[in-house]
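Chemist: One structure is given below, represented as structure tokens, and several questions about it will come after.
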Amino acid sequence: MLKFLIDTQLPPRLAAFLMEQGYDAIHTTSFPDGHLLQDAEIRAIALREERIIMTKDSDFHDYYMVKGVPPRLLYLTLGNMTNTDLLSLFAQHLPTLHTAFTTHSAEIVVMSRTHIMEY
């Protein structure tokens with residue numbers, strides 16, 4: 001089962017949506033002072049709990065490209081959109097994301113409004 005750690009700038013509703021779809025998802029705000037978690041703390045949680053970090057923060061992508069950490073990353077380059085549109089986009093692309101991380105064993109997936117790239 002895929003396990004996600006959803007970064008602060010994404011809505012907690014996304015974690016609830018993913019859980020409804022059968023995934024293990026937790027939002028950073030579920031942790032004490034979660035909205036204040038630093039990137040290093042988020043990476044440590046992801047490593048410890050074997051979670052895929054889901055973020056819009058380019059710092060995680062840049063750090064991954066240099067250090068190879070966290071082990072898996074879903075980097076969203078969607079820009080601003082309503083929560084309803086975000087959940088609709090995830091509903092549409094969840095099977096592709098699942099395949100990318102399971103069957104293809106992708107370490108990093110970049111999702112925009114128009115395409116998904118795996119690395």
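So you can find residues: chains in the structure tokens are A, B, ... in the order shown, residues in each start at 1, and ligands are numbered from 1 in order.
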Can you tell me, as a PDB file with N, CA, C and O atoms, in the first residue's frame, what residues are no more than 9 Å from A:Gly79 when counting only C-alpha atoms, ignoring any on the same chain fewer than 4 positions away?

Modeler:
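Wrote selection-v6.pdb, looks like this:
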```
ATOM      1  N   LYS A  56       4.151  20.805  -3.037  1.00  0.00           N
ATOM      2  CA  LYS A  56       4.276  21.799  -4.103  1.00  0.00           C
ATOM      3  C   LYS A  56       5.575  22.587  -3.917  1.00  0.00           C
ATOM      4  O   LYS A  56       5.889  23.460  -4.706  1.00  0.00           O
ATOM      5  N   SER A 112       1.853  17.717 -13.246  1.00  0.00           N
ATOM      6  CA  SER A 112       1.346  19.038 -13.595  1.00  0.00           C
ATOM      7  C   SER A 112      -0.125  18.887 -13.976  1.00  0.00           C
ATOM      8  O   SER A 112      -0.687  17.794 -13.895  1.00  0.00           O
ATOM      9  N   ARG A 113      -0.720  19.958 -14.437  1.00  0.00           N
ATOM     10  CA  ARG A 113      -2.125  19.883 -14.861  1.00  0.00           C
ATOM     11  C   ARG A 113      -2.288  19.049 -16.128  1.00  0.00           C
ATOM     12  O   ARG A 113      -3.359  18.515 -16.382  1.00  0.00           O
TER      13      ARG A 113
END
```

Chemist: Would you kindly return, as a list in words, each protein, DNA or RNA residue with an atom no farther than 9 Å from any atom of A:Ile116, considering only C-alpha atoms and excluding same-chain residues fewer than 6 positions away?

Modeler: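 The residues that qualify are His93, Thr96, Leu97, Val109 and Val110 of chain A.
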
Chemist: Quick one: residues within 12 Å of A:Thr82, only C-alpha atoms, excluding same-chain residues fewer than 6 positions away - as a PyMOL selection string?

Modeler: chain A and resi 10-11+13-14+88-89

Chemist: Just the selected residues (all heavy atoms), exported as a PDB file, in the first residue's frame, please.

Modeler:
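Okay, this is what ended up in result_27.pdb:
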```pdb
ATOM      1  N   LEU A  10      -0.649  21.977   0.966  1.00  0.00           N
ATOM      2  CA  LEU A  10      -1.755  21.252   0.338  1.00  0.00           C
ATOM      3  C   LEU A  10      -2.873  21.062   1.365  1.00  0.00           C
ATOM      4  O   LEU A  10      -2.613  20.979   2.561  1.00  0.00           O
ATOM      5  CB  LEU A  10      -1.263  19.906  -0.193  1.00  0.00           C
ATOM      6  CG  LEU A  10      -0.274  20.031  -1.352  1.00  0.00           C
ATOM      7  CD1 LEU A  10       0.433  18.706  -1.585  1.00  0.00           C
ATOM      8  CD2 LEU A  10      -0.987  20.490  -2.610  1.00  0.00           C
ATOM      9  N   PRO A  11      -4.108  20.957   0.906  1.00  0.00           N
ATOM     10  CA  PRO A  11      -5.231  20.893   1.855  1.00  0.00           C
ATOM     11  C   PRO A  11      -5.333  19.553   2.576  1.00  0.00           C
ATOM     12  O   PRO A  11      -5.106  18.498   1.973  1.00  0.00           O
ATOM     13  CB  PRO A  11      -6.456  21.118   0.962  1.00  0.00           C
ATOM     14  CG  PRO A  11      -6.036  20.642  -0.384  1.00  0.00           C
ATOM     15  CD  PRO A  11      -4.568  20.967  -0.487  1.00  0.00           C
ATOM     16  N   ARG A  13      -7.924  18.087   3.186  1.00  0.00           N
ATOM     17  CA  ARG A  13      -8.947  17.328   2.460  1.00  0.00           C
ATOM     18  C   ARG A  13      -8.330  16.323   1.489  1.00  0.00           C
ATOM     19  O   ARG A  13      -8.930  15.298   1.184  1.00  0.00           O
ATOM     20  CB  ARG A  13      -9.867  18.266   1.673  1.00  0.00           C
ATOM     21  CG  ARG A  13     -10.900  18.940   2.524  1.00  0.00           C
ATOM     22  CD  ARG A  13     -11.807  19.860   1.747  1.00  0.00           C
ATOM     23  NE  ARG A  13     -12.348  19.267   0.522  1.00  0.00           N
ATOM     24  CZ  ARG A  13     -12.951  19.964  -0.425  1.00  0.00           C
ATOM     25  NH1 ARG A  13     -13.094  21.275  -0.305  1.00  0.00           N
ATOM     26  NH2 ARG A  13     -13.422  19.373  -1.497  1.00  0.00           N
ATOM     27  N   LEU A  14      -7.129  16.611   0.999  1.00  0.00           N
ATOM     28  CA  LEU A  14      -6.459  15.689   0.092  1.00  0.00           C
ATOM     29  C   LEU A  14      -6.117  14.392   0.821  1.00  0.00           C
ATOM     30  O   LEU A  14      -6.271  13.301   0.263  1.00  0.00           O
ATOM     31  CB  LEU A  14      -5.211  16.337  -0.505  1.00  0.00           C
ATOM     32  CG  LEU A  14      -4.428  15.520  -1.524  1.00  0.00           C
ATOM     33  CD1 LEU A  14      -5.308  15.034  -2.671  1.00  0.00           C
ATOM     34  CD2 LEU A  14      -3.260  16.348  -2.051  1.00  0.00           C
ATOM     35  N   SER A  88     -10.454  16.570  -8.000  1.00  0.00           N
ATOM     36  CA  SER A  88     -10.892  16.035  -9.294  1.00  0.00           C
ATOM     37  C   SER A  88      -9.692  15.562 -10.117  1.00  0.00           C
ATOM     38  O   SER A  88      -9.729  14.498 -10.737  1.00  0.00           O
ATOM     39  CB  SER A  88     -11.674  17.104 -10.054  1.00  0.00           C
ATOM     40  OG  SER A  88     -12.027  16.646 -11.328  1.00  0.00           O
ATOM     41  N   LEU A  89      -8.622  16.347 -10.109  1.00  0.00           N
ATOM     42  CA  LEU A  89      -7.407  15.968 -10.833  1.00  0.00           C
ATOM     43  C   LEU A  89      -6.817  14.688 -10.251  1.00  0.00           C
ATOM     44  O   LEU A  89      -6.392  13.793 -10.993  1.00  0.00           O
ATOM     45  CB  LEU A  89      -6.399  17.115 -10.773  1.00  0.00           C
ATOM     46  CG  LEU A  89      -5.193  17.003 -11.693  1.00  0.00           C
ATOM     47  CD1 LEU A  89      -5.615  17.067 -13.152  1.00  0.00           C
ATOM     48  CD2 LEU A  89      -4.204  18.128 -11.382  1.00  0.00           C
TER      49      LEU A  89
END
```

Chemist: Which residue gives the smallest distance to A:Phe90 among A:Glu118, A:Leu76, A:Glu50, A:Ile42, with only C-alpha atoms counted?

Modeler: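 Closest residue, counting only C-alpha atoms: A:Leu76.
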
Chemist: Distance atom CA of A:Asp57-atom CA of A:Gln9, one decimal place?

Modeler: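 Atom CA of A:Asp57 sits 8.1 Å away from atom CA of A:Gln9.
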
Chemist: For A:Leu47, list every protein, DNA or RNA residue within 12 Å, evaluated using only C-alpha atoms, and leave out those in the same chain fewer than 2 positions away; present the list as a list in words.

Modeler: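 What passes the distance filter is Lys3, Phe4, Leu5, Ala40, Glu41, Ile42, Arg43, Ala44, Ile45, Glu49, Glu50, Arg51, Ile52, Ile53, Gly68, Val69, Pro70, Pro71, Arg72 and Leu73 of chain A.
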
Chemist: So the first atom is atom CA of A:His98 and the second is atom CA of A:Asp39; what is the distance between them in Å, to one decimal place?

Modeler: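 If I compute the distance from atom CA of A:His98 to atom CA of A:Asp39, I get 24.3 Å.
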
Chemist: Among chain A, which ones does DSSP place in strand (DSSP E), written as a ChimeraX atom specification?

Modeler: /A:3-6,24-27,52-55,73-76,108-111,116-118

Chemist: How far is it from atom CA of A:Phe101 to atom CA of A:Leu2, in Å with one decimal?

Modeler: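 Those two atoms sit 7.9 Å apart.
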
Chemist: For A:Asp62, which of A:Ala46, A:Thr114, A:Gln38, A:Tyr75 is the closest residue, counting only C-alpha atoms?

Modeler: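 When distances to A:Asp62 are compared using only C-alpha atoms, the smallest one comes from A:Tyr75.
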
Chemist: Would you mind telling me which residue in A:Thr77, A:Gln21, A:Ser30, A:Thr103 lies nearest to A:Met54 when using only C-alpha atoms?

Modeler: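 Closest candidate: A:Thr77.
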
Chemist: Could you write out, as a compact mmCIF listing (two decimals) with N, CA and C atoms, in the first residue's frame, all the residues of chain A that DSSP marks as helix (DSSP H, G or I)?

Modeler:
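File produced: states-v9.txt:
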```
# COMPACT_ATOMS: atom_id res chain seq x y z
N PRO A 12 -5.68 19.58 3.85
CA PRO A 12 -5.93 18.33 4.59
C PRO A 12 -7.01 17.46 3.92
N ARG A 13 -7.92 18.09 3.19
CA ARG A 13 -8.95 17.33 2.46
C ARG A 13 -8.33 16.32 1.49
N LEU A 14 -7.13 16.61 1.00
CA LEU A 14 -6.46 15.69 0.09
C LEU A 14 -6.12 14.39 0.82
N ALA A 15 -5.66 14.49 2.06
CA ALA A 15 -5.38 13.28 2.85
C ALA A 15 -6.65 12.48 3.06
N ALA A 16 -7.74 13.16 3.39
CA ALA A 16 -9.02 12.47 3.59
C ALA A 16 -9.47 11.79 2.31
N PHE A 17 -9.33 12.46 1.18
CA PHE A 17 -9.70 11.88 -0.11
C PHE A 17 -8.88 10.61 -0.39
N LEU A 18 -7.58 10.69 -0.18
CA LEU A 18 -6.71 9.53 -0.43
C LEU A 18 -7.07 8.36 0.48
N MET A 19 -7.39 8.65 1.74
CA MET A 19 -7.79 7.59 2.66
C MET A 19 -9.09 6.94 2.20
N GLU A 20 -10.02 7.74 1.68
CA GLU A 20 -11.27 7.19 1.14
C GLU A 20 -11.01 6.27 -0.05
N THR A 28 0.70 16.94 7.23
CA THR A 28 1.67 17.42 8.23
C THR A 28 0.99 18.09 9.42
N THR A 29 -0.20 18.66 9.21
CA THR A 29 -0.88 19.30 10.33
C THR A 29 -1.39 18.30 11.36
N SER A 30 -1.27 17.00 11.07
CA SER A 30 -1.64 15.98 12.05
C SER A 30 -0.58 15.80 13.13
N GLY A 34 2.54 20.80 13.39
CA GLY A 34 2.77 20.31 12.03
C GLY A 34 2.89 21.39 10.99
N HIS A 35 2.17 22.48 11.15
CA HIS A 35 2.27 23.56 10.17
C HIS A 35 3.62 24.27 10.26
N LEU A 36 4.38 23.98 11.30
CA LEU A 36 5.71 24.58 11.48
C LEU A 36 6.84 23.59 11.20
N ASP A 39 11.55 21.25 6.61
CA ASP A 39 11.74 20.24 5.57
C ASP A 39 12.51 19.02 6.07
N ALA A 40 13.54 19.24 6.88
CA ALA A 40 14.34 18.12 7.39
C ALA A 40 13.49 17.20 8.26
N GLU A 41 12.59 17.78 9.05
CA GLU A 41 11.71 16.96 9.89
C GLU A 41 10.73 16.16 9.02
N ILE A 42 10.22 16.78 7.97
CA ILE A 42 9.31 16.08 7.07
C ILE A 42 10.03 14.93 6.38
N ARG A 43 11.26 15.18 5.92
CA ARG A 43 12.04 14.10 5.30
C ARG A 43 12.29 12.97 6.30
N ALA A 44 12.59 13.30 7.55
CA ALA A 44 12.84 12.28 8.57
C ALA A 44 11.59 11.43 8.81
N ILE A 45 10.44 12.06 8.89
CA ILE A 45 9.19 11.31 9.07
C ILE A 45 8.96 10.40 7.87
N ALA A 46 9.16 10.92 6.67
CA ALA A 46 8.96 10.11 5.46
C ALA A 46 9.87 8.90 5.44
N LEU A 47 11.11 9.09 5.81
CA LEU A 47 12.06 7.98 5.84
C LEU A 47 11.67 6.96 6.91
N ARG A 48 11.37 7.45 8.10
CA ARG A 48 11.02 6.57 9.22
C ARG A 48 9.75 5.77 8.93
N GLU A 49 8.75 6.41 8.34
CA GLU A 49 7.46 5.76 8.12
C GLU A 49 7.28 5.25 6.69
N SER A 58 9.27 23.37 -4.15
CA SER A 58 10.40 22.98 -5.01
C SER A 58 11.64 22.61 -4.21
N ASP A 59 11.74 23.03 -2.96
CA ASP A 59 12.90 22.69 -2.13
C ASP A 59 13.06 21.18 -2.00
N PHE A 60 11.94 20.45 -1.86
CA PHE A 60 12.03 18.99 -1.74
C PHE A 60 12.55 18.39 -3.03
N HIS A 61 12.08 18.88 -4.17
CA HIS A 61 12.55 18.38 -5.46
C HIS A 61 14.03 18.67 -5.63
N ASP A 62 14.43 19.90 -5.33
CA ASP A 62 15.84 20.27 -5.47
C ASP A 62 16.72 19.44 -4.55
N TYR A 63 16.30 19.25 -3.32
CA TYR A 63 17.06 18.46 -2.36
C TYR A 63 17.17 17.01 -2.84
N TYR A 64 16.06 16.48 -3.35
CA TYR A 64 16.08 15.12 -3.86
C TYR A 64 17.09 14.98 -5.01
N MET A 65 17.08 15.95 -5.91
CA MET A 65 17.98 15.86 -7.07
C MET A 65 19.44 15.89 -6.64
N VAL A 66 19.75 16.57 -5.55
CA VAL A 66 21.13 16.65 -5.07
C VAL A 66 21.48 15.47 -4.16
N LYS A 67 20.58 15.15 -3.22
CA LYS A 67 20.89 14.18 -2.18
C LYS A 67 20.22 12.82 -2.36
N ASN A 83 -9.67 23.53 -4.20
CA ASN A 83 -9.59 22.19 -3.63
C ASN A 83 -10.42 21.21 -4.44
N THR A 84 -11.57 21.64 -4.91
CA THR A 84 -12.43 20.77 -5.72
C THR A 84 -11.72 20.35 -7.00
N ASP A 85 -11.06 21.29 -7.67
CA ASP A 85 -10.32 20.96 -8.89
C ASP A 85 -9.14 20.05 -8.58
N LEU A 86 -8.47 20.28 -7.45
CA LEU A 86 -7.35 19.44 -7.06
C LEU A 86 -7.80 18.00 -6.83
N LEU A 87 -8.88 17.82 -6.09
CA LEU A 87 -9.39 16.47 -5.83
C LEU A 87 -9.87 15.81 -7.11
N SER A 88 -10.45 16.57 -8.00
CA SER A 88 -10.89 16.03 -9.29
C SER A 88 -9.69 15.56 -10.12
N LEU A 89 -8.62 16.35 -10.11
CA LEU A 89 -7.41 15.97 -10.83
C LEU A 89 -6.82 14.69 -10.25
N PHE A 90 -6.81 14.59 -8.93
CA PHE A 90 -6.30 13.37 -8.29
C PHE A 90 -7.19 12.16 -8.61
N ALA A 91 -8.49 12.36 -8.60
CA ALA A 91 -9.40 11.27 -8.94
C ALA A 91 -9.11 10.76 -10.36
N GLN A 92 -8.81 11.66 -11.25
CA GLN A 92 -8.52 11.30 -12.64
C GLN A 92 -7.18 10.57 -12.77
N HIS A 93 -6.17 11.02 -12.02
CA HIS A 93 -4.81 10.51 -12.23
C HIS A 93 -4.32 9.52 -11.17
N LEU A 94 -5.13 9.21 -10.19
CA LEU A 94 -4.68 8.31 -9.13
C LEU A 94 -4.21 6.95 -9.65
N PRO A 95 -4.91 6.34 -10.61
CA PRO A 95 -4.40 5.06 -11.13
C PRO A 95 -3.00 5.18 -11.76
N THR A 96 -2.75 6.28 -12.46
CA THR A 96 -1.44 6.49 -13.07
C THR A 96 -0.37 6.69 -12.00
N LEU A 97 -0.70 7.46 -10.97
CA LEU A 97 0.26 7.68 -9.88
C LEU A 97 0.55 6.38 -9.15
N HIS A 98 -0.49 5.59 -8.91
CA HIS A 98 -0.31 4.30 -8.25
C HIS A 98 0.64 3.41 -9.05
N THR A 99 0.41 3.33 -10.35
CA THR A 99 1.27 2.52 -11.22
C THR A 99 2.70 3.04 -11.22
N ALA A 100 2.86 4.35 -11.25
CA ALA A 100 4.21 4.94 -11.27
C ALA A 100 5.02 4.52 -10.05
N PHE A 101 4.39 4.55 -8.88
CA PHE A 101 5.12 4.24 -7.65
C PHE A 101 5.20 2.74 -7.36
```

Chemist: Between A:Met117, A:Thr55, A:Phe31, A:His104, which residue has the minimum interatomic distance to A:Asp7, considering only C-alpha atoms?

Modeler: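 Among the listed residues, the smallest separation from A:Asp7 belongs to A:Thr55.
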